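Notes to accompany the following structure.
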Amino acid sequence: MDLRYSDEEEQFRSELRTWLSGVLPNLPPKPSSTDWPGRRAYDAQWQRLLFDAGYAGVDWPVEGGGRGASPIEQLIFKEECERVGAPYVGTGFVGLLHAGPTIIAEGTQAQRETYLAPILRGDDVWCQGFSEPSSGSDLASLRTKAVRDGDEYVINGSKIWTSHAEVADYCELLVRTGPDDSRHKGITWLIMPMKSPGIEIRPLKTIAGSTEFAELFLDDVRVPVANRVGDENDGWRVTMVTLSFERGTGFVGELLESMRILRSLTEFAKRNGSWGDPSIRRRVGTLTASFDALWALTKRNVSEAARNGVPGVGGVVFKLSFSEQGQALSELAMDLLDRAGLSASGLNGGDGLGDLPNAEYVDAWMKSISLTIAAGTSQVQRNIVAERVLGLPKEPK
Amino acid sequence: MDFELSQDQRDLQDGIRAVLEGSLSLETSRGREGRDDVVDPKGWTALLDAGVFGLFVPESEGGVGLGLAEGVLVAEEMGRVLVPGPVLSTMALAPILDAARDGIAHGLFEAPARGATAPGLVEHPDSIHALVLLPPLEDPVTEPTLIEHGDLRYSQVLEPLDPFTPLGVLQEPYPVGVSLEGTSSPQLRQRAMVLTAGFQVGIATACVEQATAYAKGREQFGRPIGSFQAIKHLLADALCRSELARSAVYAAAVTLDDPVVATREADTLGCSVTQLQWRVVAGAKILADEAAITNARTAIQVHGGMGFTWEVPMHLFLKRARVLSSTFGTRSQLADMVAALI
Ligand SMILES: Cc1cc2nc3c(=O)[nH]c(=O)nc-3n(C[C@H](O)[C@H](O)[C@H](O)COP(=O)(O)OP(=O)(O)OC[C@H]3O[C@@H](n4cnc5c(N)ncnc54)[C@H](O)[C@@H]3O)c2cc1C
């Protein structure tokens, strides 16, 4: 148990700090969350800055064009970026965190040459076409069918909850190539250009009022066989390989952001008088303790990843716990806002101190509701903890 | 940075576990349940021989020369088998009292906060040779005082909640005692808090393990109860609580041990090193208390009617968790403390 950073790690940190302090003041203002082309351009510009400074794909191996930083440096990277409010990956999420690493691990040389550099430079945006209307938690039941026709697959079916689909250039797509009942033994991983004829995108409005994700309807979409990553019917394994890239830093940005929101909530509580209420102070104190503990757990996960390649038990413990604490935080924000929480657009406090933080908090509250749903629901995560970690017997079929 | 245990730490963990299995298993300890003196002299000697009381004492002074990071590992192992007696207080006092490092049992008592209604309860009044009195939390300046056992006036509490923690009501006014010159009360309190939290993590972990084992074996409706999701989810949540608390407790211990780590974290969080130390220690104890109490309740629930019997030891975990959550700051007091620090 040694929580000191090494000299090299501190060196990495201080260089990054210097770079961030030089580059951040010159960033343009953030586009509104509904301005998708604007968001894409903003994220691309940030990614390009990272690329030029040698910080693109911090977590990617050097062979893939990344920096090949250790898990601990990845942690420092996220910590420093969040500390000064640097932009997130945003629309670059799937490309940088999922599709890119998959292609590095499982793609052909030609695929690596074609797809990796544009992701790192921020030129290409990817989306993830895994979930379907009838296949969510039970992803292995997916039905979108791909049939071989010469050098091409012909794809029919539909996908849902595809984040950032509207602005994406490519989709990492899971399709059924085996018999209908082949489950995870009959799935193939394809790169689908989003310009392909036959793709219809229907944006879905989220409870936050935004169009964060969409439905994809695929009607005789033709994708070259050369776009297949891994073997036919081996797509389930290919997908799992990417998951094993998780180095315990998956939600670090979100965690540090929650800690920042908690500090700003404290200031707000002091401003509006609720700090006098001991039950509010205790909620703040307990949440602080929980987030500090999650920060400690992150260090533990990252250390385990540095040693063994994967974060171990702590990864799923983190996801479950953080989802709940994130929701507790946003409930506290709503309680503090009182009736100002009834609007997501800016309100003036009328106390002479200017605007209330209601827009930010209400938006965060609505988004937090998806924490226990997206990327594996909490119920499914609990099943995983119970069966894989505690070794409890599986549900009878 | 490496959060994983070092080989030496793992060896220490294994060593302590072996000692406890040999002389202080829960089964053995249960033989002394409900006695005024729950300390089994053989078990106590085994702890002394294993170096438990000399853990924090520098090697140059004949101790083991380790830090709180190792202290919490030892406390955790003790928590798993509910080692009875004033072990944590004697450990916490060893760095400042020669007698404690020689294994002479000492108690640690916090003066009740101003306006508190609860009586001043001393643990293990018949087993300790002296009692160290910590000033109330809000007083960081006054040094602790030592009161010899012969000067204590107390009446025995008849039915202590935890049959392993006999209690006495200390009569007021408390004896004056001898001031422990040069001893920092905050440091002593923090050491006691972290060790207590480590013990609680041991309780929380043992509860998950034992309830999981039971859920695998017990069958209803023709299948193990552990195959029911309702049970799985109870246990998954329990595991999350103990793992999260463990991370917090280990990190708090290292933060107290290593000023370089404390300085770096204080910089990240934008607070002073002193504030950071209180914050992580208090936070760790909040989570550890919560994990111990809630996991023990979960373990009882998973055991069904068996869990409500005296014979099945789950209630002993719950009761000890309650004792420990009432010392060195309750969850509410500590949450107030953390809130005041940010
Ligand atoms: C904001 C957001 C963004 C997303 N982005 C993407 C994306 O980009 N690409 C993509 O492919 N997908 C995406 N998803 C989809 C996400 O992965 C699924 O929503 C998730 O896996 C759950 O599937 P479902 O919605 O079909 O719910 P269901 O699987 O139908 O679940 C409904 C309820 O049943 C419970 N349940 C289901 N199975 C079990 C079980 N075995 N035991 C106990 N309870 C169970 C669930 O916990 C849940 O409460 C996104 C989702 C959200 C909310």
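Within each chain, counting starts at residue 1; across the structure tokens, chains are named A, B, ... in the order shown, with ligands numbered 1 upward in that order.
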Can you check which residues of chain A have any atom within 8 Å of chain B? Use only C-alpha atoms and format it as an MDAnalysis selection string.
chainID A and resid 1:6 72 83 263 266 278 281:286 288:290 292:294 296:297 299:300 303:304 314 317:318 320:321 379 382:383 385:387 390 392:396
Would you list the residues that come within 10 Å of ligand 1? Count only C-alpha atoms and all ligand atoms and give the answer as a VMD selection string.
(chain A and resid 93 to 94 126 to 139 159 to 165 171 to 174 206 to 207 211 to 215 367 to 384 395) or (chain B and resid 229 to 230 233)
Polymer residues at most 12 Å from Arg40 of chain A, only C-alpha atoms, same-chain spacing of 4 or more positions, as a PyMOL selection string:
chain A and resi 30-36+44-47+88-93+122-126+164-169
Minimum-distance residue to Arg237 of chain A, chosen among A:Gly186, A:Gly250, A:Gly209, A:Gly312 (using only C-alpha atoms)
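For Arg237 of chain A, the nearest of the candidates is A:Gly186.
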How many Å lie between atom CA of Ala140 of chain A and atom CA of Asp180 of chain A, rounded to one decimal?
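Atom-to-atom, atom CA of Ala140 of chain A to atom CA of Asp180 of chain A, that is 10.8 Å.
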